[in-house]
Structure formats: structure tokens, C-alpha cells
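*Asks:* Have a look at this one before I ask anything.
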Amino acid sequence: MIRDDGRDGGGSGRLRLGRLLARLGALCLAASVACGCSPNPAGPGDDTPAGPEQDRAWGIYCLDLATDEVELIFTSDNSLHRIDLNSDGTSLVFQEDFGPDTFTDSEICVVGTEGTGYRRLTTNGWLDAYPCWSPDDSEILFLSWPDYPANTMDIYLMDAGGLNPSLLYDSGFHDGDCAWEDTSIVFTRESRIWIMNQDGSGARQVTDYALAGQQGAADLPFGDYDPRLRPGDHLLCFDRMVDDRVPSGNYDFFIITPEGTAETRITSTEYSQFIAEWSRTGNRLVFTVAAIEGEGRFDIYAMNANGTGYASVTPAGWPVEFLCTHPIFSEDDSKVYFVGQWWE
């Protein structure tokens, strides 16, 4: 997950983003020791679906919400992050880190939902991250920092095949958490939610959290992050850091109109929970709960658009060392694609 640090200049950006990566590593460790859970594979006469297949350290998986059956689609020794499904449900774009330094080794890749057609789209010495498809699948929106560590992380576009990368938007601050729906793009800037036209024009602030940008005891500043527009009416969901009692910060989900009105808090759990993704029908949200009161979880949760029906959809008995992140709905909302990591 790459977020803006709310300041211009490269030095503070590296420090804040580096702290975020360290925080995620610490949460992974907490998850691995949080409880004595063990795998519960199906045995003879047992109707329980088999758990996730382990191949390499990281993978992209598909979970059937009706049957709890899970399929490994793609596997890698490299860390994988933010996945996005194209409009017809045939291709996933994602971030893959080909070395130990996210700021120089992160690239954009694609793979088919059947596990075929893997391609690395970018090959360079700087950060390319947080990709998502354009509504017509002809382009990919992503974050990039070509002149790292100078200047800032900005929003870029390239063709679906990885050609013709170009700068779309540079606010002068670190821009992060970009997502595209219809003719609008949402993103974070200075720990607040912003929206703009798909051509990079007309950028305007949507949220104005009183504590936004203030650095507390958590690794990231208080603020609003991970905006997503609902298909159809463009209702916007985002997560807000509401307290800093744990290093990862505790967050709740909010909804708001693109005009910045009718802000509504839809959860009051104050968990370390992030990146709520809309279903294609717009009536459900799926997201990651990374920790509860500092105890690592990394489970997939879902809820209705108004926050009701909040519950884990991670099948019981999955190994505690299997960490689930970046869930998204399939094209018919019957399945969830997600990144799985086998933590050692």
C-alpha cells in the first residue's frame, strides 16, 4: 500500500513510506504469533474445502464466497501489492517488487484470471506502484516516482500494454491511493481525499478532517486514505485514521458524496483496516482487517454499503501464517481475488 505523506520534497516522503513498509512487516510478524491456529485441510469424508495452496511466498488467489473454495492463480517469490480487475473480469494488474527496495524495485505487471499471460509492463530503476485499469481497459493509472529521491510521487498513465507512460497529475505534494471510475479519478493528497477529471484537470478537495496531516504516535499521520468511487452514483468510500493507540494506527470507514457532502461514518470498530473495494453492484464492500488492538489478523472482511453485515469472509481453519491483503470482487461479485503471503 503506497500512501502520500502530505509533504513535498523527497526526504520526508522516503521516511514516511519506509515507516509504512516497516509497520506492515511488524503486523505480519504479529499475525504469525497471534494464536496457535493451524491448517485444517480436508480429509477423507470431510466436506470442508481444502485451504489455500502454498507454492512460493506470495500469490494471487481467488476465493469463492459461496463454497469457500480457493484457487491459486499466480505465485511469486517477489512481494505483490494492490491488484485491480479489468471490466470484463479477464485480467488483473498488480504491483510486484523485484528487489528489496520498494522505491527502486517496484514494477507494474498483469496476469489473466486463469493464471496465464503474465507480463511485466514496466522495467526501470524507480517506483511504479498502485495500478488500476481505466474504465475501458485501454490504459493503466498508477503512481510513479521517476526522479526519486528528488521531488514527489505523482500520478501517471500508460497504455494497457505498458507503452507511452506519461505524467497525468503533479500537485507538488506526494499524490497517492489513486483509483478511476467512469470519468473521475480519486486520490489522496496531504492526508485528504481529492477528486479530478480523468484528464487530470479540475482537481478539488473532498474531505477536510480536522486532524489531517498531524503526526501522532502512529507511523502515518492522521488523515483520510484509500478512496474508492461506487459504480453508478460515485458515492465515495475511504478509511480515516481515528486514533494512534497502536503503531499501525486504527481506522474506520466513511462514505461521502463527490461534492464533499453527507459524510457518514459506517464503522466504529477502530481496527487497523484498510482499502474498502466496492462490489460491481455497489451494495457491498470488501477490505482487509490487518490488526485488532495491535494483534495481527490479515483477514478478508466484507460488509454492506451502510456498514451493516460486517463480518470476516476468510474461511475458518486457514493457516495463521497465511496473510490476506488487497481483496477485490470478481466481475459478478461471487468471488474475491486477493494477495496471499506465506509468512515465515
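The way I read the labels, and the way they are meant: chains A, B, ... in the order of the C-alpha cells, residue 1 as the first residue of every chain, and ligand 1 as the first ligand shown, with later ones counted on from there.
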Mind checking which residues fall within 6 Å of Phe74 of chain A, counting only C-alpha atoms, ignoring those fewer than 4 positions away in the same chain, and posting them as a list of chain:residue names?
*Replies:*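 My list of contacting residues is A:Gly59, A:Ile60, A:Gly115.
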*Asks:* For the residues selected in the previous step, produce a file with C-alpha atoms as a short mmCIF file (atom, residue, chain, number, x, y, z; two decimals), in the first residue's frame.
*Replies:*
data_model
loop_
_atom_site.label_atom_id
_atom_site.label_comp_id
_atom_site.auth_asym_id
_atom_site.auth_seq_id
_atom_site.Cartn_x
_atom_site.Cartn_y
_atom_site.Cartn_z
CA GLY A 59 0.44 -15.40 -4.62
CA ILE A 60 -2.77 -14.07 -6.12
CA GLY A 115 -3.27 -17.69 -14.42
#
*Asks:* Mind giving me the straight-line distance from atom CA of Arg280 of chain A to atom CA of Arg230 of chain A in Å, one decimal?
*Replies:*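 Atom CA of Arg230 of chain A lies at a distance of 8.2 Å from atom CA of Arg280 of chain A.
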*Asks:* Atom CA of Arg228 of chain A and atom CA of Thr257 of chain A, how far apart in Å?
*Replies:* 11.2 Å
*Asks:* I'd like the contact shell of His326 of chain A - 10 Å cut-off, only C-alpha atoms, skipping same-chain residues fewer than 5 positions apart - returned as an MDAnalysis selection string.
*Replies:* chainID A and resid 1 60 80:84 274:277 286:288 298 300 336:340
*Asks:* So which residues of segment 88-323 of chain A fall under strand (DSSP E or B) by DSSP, listed as an MDAnalysis selection string?
*Replies:* chainID A and resid 91:97 106:112 119:120 127:133 139:145 154:159 166:169 175:181 184:189 192:197 204:205 224:229 236:243 250:256 264:265 271:278 284:292 295:304 311:312 322:323
*Asks:* Could you save the residues just selected, with C-alpha atoms, as a short mmCIF file (atom, residue, chain, number, x, y, z; two decimals), in the first residue's frame?
*Replies:*
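Result file out.cif:
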data_model
loop_
_atom_site.label_atom_id
_atom_site.label_comp_id
_atom_site.auth_asym_id
_atom_site.auth_seq_id
_atom_site.Cartn_x
_atom_site.Cartn_y
_atom_site.Cartn_z
CA SER A 91 -7.10 -9.68 -16.42
CA LEU A 92 -5.51 -8.47 -13.19
CA VAL A 93 -2.99 -5.64 -12.98
CA PHE A 94 -0.79 -5.50 -9.89
CA GLN A 95 2.42 -4.24 -8.31
CA GLU A 96 5.37 -6.64 -7.98
CA ASP A 97 8.57 -5.75 -6.11
CA SER A 106 8.53 -1.86 -7.74
CA GLU A 107 7.05 -2.54 -11.19
CA ILE A 108 3.62 -2.99 -12.79
CA CYS A 109 2.58 -6.44 -14.08
CA VAL A 110 -0.52 -8.17 -15.45
CA VAL A 111 -1.81 -11.74 -15.43
CA GLY A 112 -5.02 -13.37 -16.67
CA ARG A 119 3.65 -9.86 -18.37
CA ARG A 120 5.88 -7.31 -16.71
CA LEU A 127 8.94 3.16 -8.05
CA ASP A 128 5.89 2.21 -10.16
CA ALA A 129 3.01 1.24 -7.89
CA TYR A 130 -0.71 1.13 -7.09
CA PRO A 131 -2.02 0.37 -10.61
CA CYS A 132 -5.64 0.30 -11.76
CA TRP A 133 -7.39 -0.11 -15.11
CA GLU A 139 -4.96 2.41 -20.11
CA ILE A 140 -3.46 1.84 -16.66
CA LEU A 141 -3.36 4.51 -13.97
CA PHE A 142 -0.50 4.23 -11.46
CA LEU A 143 1.82 6.05 -9.07
CA SER A 144 5.40 6.72 -10.08
CA TRP A 145 8.49 8.50 -8.79
CA ASP A 154 2.86 11.59 -8.81
CA ILE A 155 0.02 10.06 -10.85
CA TYR A 156 0.85 8.60 -14.27
CA LEU A 157 -0.89 6.91 -17.20
CA MET A 158 0.31 4.30 -19.71
CA ASP A 159 -1.20 2.13 -22.41
CA SER A 166 3.12 9.95 -19.17
CA LEU A 167 2.56 12.25 -16.22
CA LEU A 168 -1.15 12.88 -15.60
CA TYR A 169 -1.10 14.92 -12.38
CA ASP A 175 -0.07 12.06 -4.53
CA GLY A 176 -1.26 8.57 -3.59
CA ASP A 177 -4.04 5.97 -3.45
CA CYS A 178 -5.34 6.67 -6.96
CA ALA A 179 -8.50 4.98 -8.32
CA TRP A 180 -10.53 5.51 -11.52
CA GLU A 181 -14.28 5.20 -12.03
CA SER A 184 -13.39 10.67 -12.41
CA ILE A 185 -10.15 9.84 -10.58
CA VAL A 186 -9.85 9.97 -6.79
CA PHE A 187 -6.61 10.12 -4.84
CA THR A 188 -5.03 11.29 -1.59
CA ARG A 189 -3.02 14.45 -1.13
CA ARG A 192 -7.05 14.23 2.48
CA ILE A 193 -9.26 12.89 -0.29
CA TRP A 194 -9.24 14.66 -3.66
CA ILE A 195 -11.09 14.12 -6.94
CA MET A 196 -10.32 15.25 -10.51
CA ASN A 197 -11.38 14.68 -14.09
CA ARG A 204 -10.56 19.63 -5.88
CA GLN A 205 -10.51 18.61 -2.24
CA ASP A 224 -8.12 10.13 5.10
CA TYR A 225 -6.84 7.44 2.73
CA ASP A 226 -7.73 4.83 0.08
CA PRO A 227 -10.70 6.48 -1.68
CA ARG A 228 -12.95 4.41 -3.95
CA LEU A 229 -15.91 5.58 -6.06
CA LEU A 236 -17.09 7.67 -2.21
CA CYS A 237 -15.78 5.31 0.49
CA PHE A 238 -12.49 5.93 2.31
CA ASP A 239 -10.68 4.99 5.51
CA ARG A 240 -9.77 7.51 8.21
CA MET A 241 -7.18 7.12 10.95
CA VAL A 242 -9.25 7.81 14.06
CA ASP A 243 -6.68 7.06 16.77
CA ASN A 250 -6.67 2.43 13.93
CA TYR A 251 -9.10 3.28 11.14
CA ASP A 252 -12.78 3.42 10.39
CA PHE A 253 -14.60 3.62 7.07
CA PHE A 254 -16.61 6.63 5.93
CA ILE A 255 -18.74 7.47 2.91
CA ILE A 256 -19.20 10.89 1.33
CA THR A 264 -21.15 9.39 7.21
CA ARG A 265 -19.14 7.07 9.41
CA TYR A 271 -9.37 -1.66 13.83
CA SER A 272 -6.31 -1.49 11.58
CA GLN A 273 -8.45 -1.92 8.48
CA PHE A 274 -7.79 -0.59 5.00
CA ILE A 275 -8.82 -0.22 1.37
CA ALA A 276 -12.53 -0.98 1.08
CA GLU A 277 -13.34 -2.00 -2.51
CA TRP A 278 -16.86 -1.77 -3.95
CA ARG A 284 -21.09 -4.48 -0.75
CA LEU A 285 -17.56 -3.59 0.31
CA VAL A 286 -14.61 -5.93 0.84
CA PHE A 287 -11.45 -4.97 2.74
CA THR A 288 -8.54 -6.14 4.89
CA VAL A 289 -8.50 -6.19 8.69
CA ALA A 290 -4.77 -6.21 9.40
CA ALA A 291 -4.92 -5.99 13.19
CA ILE A 292 -7.31 -5.62 16.10
CA GLU A 295 -2.89 -8.11 17.32
CA GLY A 296 -2.16 -9.14 13.76
CA ARG A 297 -5.01 -10.71 11.74
CA PHE A 298 -4.73 -10.03 7.98
CA ASP A 299 -8.17 -11.46 7.21
CA ILE A 300 -10.67 -10.58 4.48
CA TYR A 301 -13.83 -8.88 5.71
CA ALA A 302 -16.96 -7.67 3.92
CA MET A 303 -19.96 -5.51 4.78
CA ASN A 304 -22.95 -3.83 3.23
CA ALA A 311 -18.02 -9.95 9.13
CA SER A 312 -14.97 -11.95 8.14
CA PHE A 322 -1.25 -17.17 5.56
CA LEU A 323 -1.86 -13.41 5.37
#
*Asks:* Could you tell me which of A:Ser134, A:Thr104, A:Ser248, A:Ser79 comes closest to Trp343 of chain A if we count only C-alpha atoms?
*Replies:*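 That would be A:Ser79, the residue with the smallest distance to Trp343 of chain A.
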*Asks:* Just the number, please: distance in Å from atom CA of Ser76 of chain A to atom CA of Gly317 of chain A, one decimal.
*Replies:* 23.7 Å
*Asks:* Could you check the closest approach to Gln341 of chain A for each of A:Ala57, A:Leu211, A:Ala150, A:Ala203 and tell me which residue wins, using only C-alpha atoms?
*Replies:*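 Looking at the shortest contact to Gln341 of chain A, the residue is A:Ala57.
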